[in-house]
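A.B. asks: Submitted below is the structure of interest, expressed as structure tokens.
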Amino acid sequence: MIKNIKKWTLAAAIGLAAVGCTDKFEEINTDPNEPNEVPAGLMTADIIRVTANTMYSTGIGGDMGAVWSQQWSKIQYTDEELYIPRQSAIGSVWDNIYSAVLSNAKVMRNLALAQTTPDFPEGDKQLAGVATVLEVYGFALLTDVYGDVPFSQALLGGTDGVFTPSYDKQVDIYNDMLMKLDEAIAYLNGPGLITPSSDLLYGGDVTKWIKFANSLKVRILMRASDKSSEITNFNAQLQAAANGAFTSIDDEAKLAYLESAPNANPIFESVVQGNRTEYRMGEAFVELLKSLNDDRLTTMAELNDAGEYMGKPPVAENTVLYNKATVSGLGEKYLEATASGYFISFAETQFLLAEAAERGFITGGTTVAEEYYNAGVAASFTENEVSLALPAYMAQSTVAYGAGNKIEKIHTQKYIALFSQGIEAWTEQRRTGIPALSPAVNGAVTEIPSRYFYPATEQSLNGTSYQAAVSQQGDDELTTKIWWNK
């Protein structure tokens with residue numbers, strides 16, 4: 001998109017011709033077909049697409065998300081399952097988000113505020129709000145997988161000459177992201193017009209963008225809930241966000257992928273078109289659903305050749321025991337070209353709000369928590385097209401909210417609802433420890449990874465800041481706990 005800005009600017013410059021003196025010079029020399037700036041609204045689609053494609057890449061959200069959370073497994077090429085991630089995959093998350101998401105979101109916001117019209121003399125505040133929400137989403141993704149990252153000095157190379165940005169502490173990033181979301185909500189409540197054709201999430205519906213911003217606040221706040229004393233006005237912020245969050249499945253933030261590459265779901269492009277059939281179901285996930293008599297398993301997984309649902313544990317390749325015939329494949333719905341790429345689902349938000357109410361962070365207590373919990377389970381059953389099985393499922397003591405450990409039930413159901421949302425499933429499992437998972441047998445490390453290590457390029461290109469970050473956060477290892485998980 002940056003290349004497009006240069007290209008469009010050059011085209012506008014070339015298009016100028018000498019026409020002599022006239023008091024209508026600007027009018028004559030303005031070609032509506034050759035603008036000298038990219039309209040801010042046209043940048044939205046690329047930012048959304050790159051964010052989703054990064055999360056749903058099998059080499060990222062699959063290998064270092066769904067596999068690490070043991071929703072998925074691999075019957076071949078098991079390095080990632082044994083906690084040996086590829087450096088290229090680690091680096092691509094960093095590069096994609098900084099260069100194609102955050103950089104463009106910053107440009108988009110600045111353009112939106114600068115591109116004034118008679119209707120919007122102070123710029124398009126709503127587009128600026130969209131850009132800010134997407135910027136925060138990108139930063140949240142980065143800090144949740146790496147920990148401390150460049151934030152306050154990020155993206156200042158072109159304007160301020162800061163080419164070796166320092167790494168901010170995650171607690172500071174979290175507080176600043178929450179302030180940015182408040183700014184985004186204020187923008188979204190202002191004048192403007194979101195370009196429908198470029199808005200791949202909501203088609204220009206500003207009300208839903210406001211709900212998205214609030215739901216993202218809920219996620220960020222609950223992720224930091226064990227460190228709530230370090231978050232400014234934690235309870236008040238969470239209550240306000242809860243009041244403005246998603247209220248139905250129709251509100252959730254998801255990208256509707258198309259039928260064919262390069263606009264199809266990356267999981268389809270990799271597993272189906274790329275014949276990467278080594279991706280199978282994880283044993284822990286399959287056995288959990290079987291223990292709960294959960295009909296969602298019929299949508300999430302395929303039967304193996306023996307007519308059973310079977311997952312593979314996190315162990316090295318053993319094609320005698322674990323192969324295409326014995327280990328269930330991913331369910332057809334999750335392998336479709338048009339399978340949605342979720343940013344935040346309604347179900348996830350309901351479970352986060354259930355936890356918030358049950359823990360007393362927001363009003364309502366157990367009664368309201370149960371309502372949120374039931375709504376989350378129902379939404380997940382609807383998404384997986386098994387709603388008819390819901391009443392019998394909810395009647396089980398292992399599922400019904402009133403019996404047993406309520407917080408454990410919330411986290412268990414959230415883990416199930418996040419199936420194939422790999423990075424988010426792994427992130428919430430490491431936050432909550434639910435379900436309890438055993439690490440890979442003979443893995444490179446003896447516990448499930450807590451973070452990604454930093455890209456190797458940071459050591460060579462930003463070495464001083466990198467070393468300071470390691471001193472601040474801890475060794476650059478997969479097992480080093482990040483702030484909200486310490």
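Chain labels follow the order of the structure tokens: the first chain is A, the next B, and so on; residue numbering restarts at 1 in every chain, and ligands are counted from 1 in their shown order.
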Would you pick out the contacts of Leu289 (chain A) at 10 Å or less, using only C-alpha atoms, so that residues sharing its chain but fewer than 5 positions from it are not included, and give the list as a ChimeraX atom specification?
C.D. replies: /A:284,294-298,413,416
A.B. asks: Write out, as a tab-separated table, each residue of region 371-438 of chain A that has an atom at most 12 Å from region 221-239 of chain A, together with the closest pair of atoms and their distance in Å to one decimal, counting only C-alpha atoms, rows going by chain and rising number.
C.D. replies:
residue	atom	partner	partner_atom	distance
A:Glu424	CA	A:Arg223	CA	10.9
A:Thr427	CA	A:Arg223	CA	9.0
A:Glu428	CA	A:Arg223	CA	7.8
A:Gln429	CA	A:Arg223	CA	11.0
A:Arg430	CA	A:Arg223	CA	10.4
A:Arg431	CA	A:Arg223	CA	7.1
A:Thr432	CA	A:Arg223	CA	9.2
A.B. asks: Taking N, CA and C atoms for each residue, export the selection above as a PDB file, in the first residue's frame.
C.D. replies:
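Okay, this is what ended up in result-v9.pdb:
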ATOM      1  N   GLU A 424      -5.362 -17.065  19.366  1.00  0.00           N
ATOM      2  CA  GLU A 424      -6.218 -16.690  20.489  1.00  0.00           C
ATOM      3  C   GLU A 424      -6.444 -17.872  21.424  1.00  0.00           C
ATOM      4  N   THR A 427      -3.276 -18.317  23.395  1.00  0.00           N
ATOM      5  CA  THR A 427      -3.085 -17.202  24.313  1.00  0.00           C
ATOM      6  C   THR A 427      -3.987 -17.328  25.531  1.00  0.00           C
ATOM      7  N   GLU A 428      -5.236 -17.665  25.332  1.00  0.00           N
ATOM      8  CA  GLU A 428      -6.150 -17.807  26.464  1.00  0.00           C
ATOM      9  C   GLU A 428      -5.820 -19.038  27.303  1.00  0.00           C
ATOM     10  N   GLN A 429      -5.360 -20.118  26.668  1.00  0.00           N
ATOM     11  CA  GLN A 429      -4.984 -21.297  27.454  1.00  0.00           C
ATOM     12  C   GLN A 429      -3.785 -20.997  28.339  1.00  0.00           C
ATOM     13  N   ARG A 430      -2.816 -20.253  27.829  1.00  0.00           N
ATOM     14  CA  ARG A 430      -1.654 -19.950  28.682  1.00  0.00           C
ATOM     15  C   ARG A 430      -2.003 -18.926  29.747  1.00  0.00           C
ATOM     16  N   ARG A 431      -3.001 -18.067  29.481  1.00  0.00           N
ATOM     17  CA  ARG A 431      -3.445 -17.142  30.532  1.00  0.00           C
ATOM     18  C   ARG A 431      -4.145 -17.882  31.654  1.00  0.00           C
ATOM     19  N   THR A 432      -5.038 -18.787  31.313  1.00  0.00           N
ATOM     20  CA  THR A 432      -5.907 -19.414  32.312  1.00  0.00           C
ATOM     21  C   THR A 432      -5.397 -20.762  32.813  1.00  0.00           C
TER      22      THR A 432
END
A.B. asks: Skipping near chain neighbours, those fewer than 3 positions away, what residues fall within 7 Å of region 252-259 of chain A using only C-alpha atoms, listed as a list in words?
C.D. replies: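 So the residues in contact are Leu200, Leu201, Phe212, Phe246, Ile249, Asn263, Ala264, Asn265, Ala337, Thr338, Ala339, Ser340, Gly341, Tyr342, Phe343, Ile344, Ser345 and Phe346 of chain A.
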A.B. asks: Would you tabulate, counting only C-alpha atoms, all residues of region 447-474 of chain A that have an atom at most 7 Å from an atom of region 147-171 of chain A, showing the closest pair of atoms and their distance in Å to one decimal, sorted by chain then ascending number, as a Markdown table?
C.D. replies:
| residue | atom | partner | partner_atom | distance |
| --- | --- | --- | --- | --- |
| A:Asn462 | CA | A:Thr164 | CA | 5.2 |
| A:Ser465 | CA | A:Ser166 | CA | 5.0 |
| A:Ala469 | CA | A:Tyr167 | CA | 5.9 |
| A:Gln473 | CA | A:Asp148 | CA | 6.9 |
A.B. asks: Between A:Met177, A:Val130, A:Leu335, A:Ala325, which one has atoms that come closest to Gly190 (chain A), using only C-alpha atoms?
C.D. replies: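 For Gly190 (chain A), the nearest of the given residues is A:Val130.
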A.B. asks: So which bits of region 136-373 of chain A end up strand (DSSP E) when you DSSP the backbone, as a list in words?
C.D. replies: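 Taking region 136-373 of chain A and keeping strand (DSSP E) gives Ala253, Lys254, Leu255, Tyr279, Arg280, Met281, Gly341, Tyr342, Phe343 and Ile344 of chain A.
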A.B. asks: For the selection just defined, write its residues with C-alpha atoms to a file, as an mmCIF file, in the first residue's frame.
C.D. replies:
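Below is the file result-v4.cif, written as the result:
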data_model
loop_
_atom_site.group_PDB
_atom_site.id
_atom_site.type_symbol
_atom_site.label_atom_id
_atom_site.label_comp_id
_atom_site.auth_asym_id
_atom_site.auth_seq_id
_atom_site.Cartn_x
_atom_site.Cartn_y
_atom_site.Cartn_z
ATOM 1 C CA ALA A 253 -15.754 -9.027 13.839
ATOM 2 C CA LYS A 254 -14.927 -11.555 11.143
ATOM 3 C CA LEU A 255 -13.580 -11.468 7.612
ATOM 4 C CA TYR A 279 -2.681 -31.043 10.030
ATOM 5 C CA ARG A 280 -5.044 -33.218 12.082
ATOM 6 C CA MET A 281 -7.022 -33.074 15.309
ATOM 7 C CA GLY A 341 -11.418 -15.302 9.748
ATOM 8 C CA TYR A 342 -12.398 -14.154 13.226
ATOM 9 C CA PHE A 343 -10.957 -11.057 14.856
ATOM 10 C CA ILE A 344 -13.260 -11.390 17.870
#
A.B. asks: Interatomic distance between CA of Ala45 (chain A) and CA of Leu127 (chain A)?
C.D. replies: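 Atom-to-atom, CA of Ala45 (chain A) to CA of Leu127 (chain A), that is 12.2 Å.
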A.B. asks: Name all residues at most 9 Å from region 303-310 of chain A (count only C-alpha atoms; drop same-chain ones fewer than 5 positions away) and give them as a list in words.
C.D. replies: Met281, Gly282, Glu283, Val286, Glu287, Lys290, Leu297, Thr298, Lys324, Ala325, Thr326, Val327, Ser328, Gly329 and Gly331 of chain A
A.B. asks: May I have the residues from that selection written out with N, CA and C atoms, as an mmCIF file, in the first residue's frame?
C.D. replies:
data_model
loop_
_atom_site.group_PDB
_atom_site.id
_atom_site.type_symbol
_atom_site.label_atom_id
_atom_site.label_comp_id
_atom_site.auth_asym_id
_atom_site.auth_seq_id
_atom_site.Cartn_x
_atom_site.Cartn_y
_atom_site.Cartn_z
ATOM 1 N N MET A 281 -6.450 -33.452 14.018
ATOM 2 C CA MET A 281 -7.022 -33.074 15.309
ATOM 3 C C MET A 281 -6.066 -33.418 16.452
ATOM 4 N N GLY A 282 -6.106 -32.595 17.504
ATOM 5 C CA GLY A 282 -5.313 -32.845 18.699
ATOM 6 C C GLY A 282 -6.055 -33.756 19.663
ATOM 7 N N GLU A 283 -5.319 -34.635 20.299
ATOM 8 C CA GLU A 283 -5.932 -35.608 21.204
ATOM 9 C C GLU A 283 -6.628 -34.936 22.382
ATOM 10 N N VAL A 286 -10.010 -33.446 21.248
ATOM 11 C CA VAL A 286 -11.004 -34.467 20.904
ATOM 12 C C VAL A 286 -11.530 -35.154 22.155
ATOM 13 N N GLU A 287 -10.628 -35.533 23.057
ATOM 14 C CA GLU A 287 -11.055 -36.249 24.256
ATOM 15 C C GLU A 287 -11.888 -35.362 25.170
ATOM 16 N N LYS A 290 -15.380 -35.316 23.637
ATOM 17 C CA LYS A 290 -16.024 -36.617 23.836
ATOM 18 C C LYS A 290 -16.505 -36.769 25.278
ATOM 19 N N LEU A 297 -18.168 -31.562 18.023
ATOM 20 C CA LEU A 297 -17.087 -32.392 17.495
ATOM 21 C C LEU A 297 -17.418 -32.895 16.097
ATOM 22 N N THR A 298 -18.694 -33.118 15.810
ATOM 23 C CA THR A 298 -19.083 -33.624 14.490
ATOM 24 C C THR A 298 -18.846 -32.587 13.394
ATOM 25 N N LYS A 324 -3.017 -40.697 8.386
ATOM 26 C CA LYS A 324 -4.287 -40.180 7.877
ATOM 27 C C LYS A 324 -5.458 -41.111 8.158
ATOM 28 N N ALA A 325 -5.179 -42.392 8.268
ATOM 29 C CA ALA A 325 -6.247 -43.358 8.512
ATOM 30 C C ALA A 325 -6.683 -43.375 9.969
ATOM 31 N N THR A 326 -5.747 -43.105 10.879
ATOM 32 C CA THR A 326 -6.052 -43.265 12.300
ATOM 33 C C THR A 326 -6.407 -41.959 13.002
ATOM 34 N N VAL A 327 -5.887 -40.840 12.530
ATOM 35 C CA VAL A 327 -6.105 -39.560 13.212
ATOM 36 C C VAL A 327 -7.121 -38.731 12.433
ATOM 37 N N SER A 328 -8.126 -38.251 13.117
ATOM 38 C CA SER A 328 -9.185 -37.466 12.478
ATOM 39 C C SER A 328 -8.632 -36.188 11.860
ATOM 40 N N GLY A 329 -9.145 -35.872 10.676
ATOM 41 C CA GLY A 329 -8.798 -34.615 10.038
ATOM 42 C C GLY A 329 -9.645 -33.480 10.571
ATOM 43 N N GLY A 331 -12.465 -30.674 10.536
ATOM 44 C CA GLY A 331 -13.802 -30.715 9.973
ATOM 45 C C GLY A 331 -13.930 -29.915 8.687
#
A.B. asks: Which is closer to Asp124 (chain A) than all the others in A:Gly443, A:Gly474, A:Gly404, A:Pro191, using only C-alpha atoms?
C.D. replies: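 Checking each candidate against Asp124 (chain A), we get A:Pro191 as the closest.
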A.B. asks: Go through A:Trp483, A:Tyr334, A:Phe381, A:Tyr322 and flag the residue nearest Glu302 (chain A), using only C-alpha atoms for the distances.
C.D. replies: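 Closest to Glu302 (chain A), using only C-alpha atoms: A:Tyr334.
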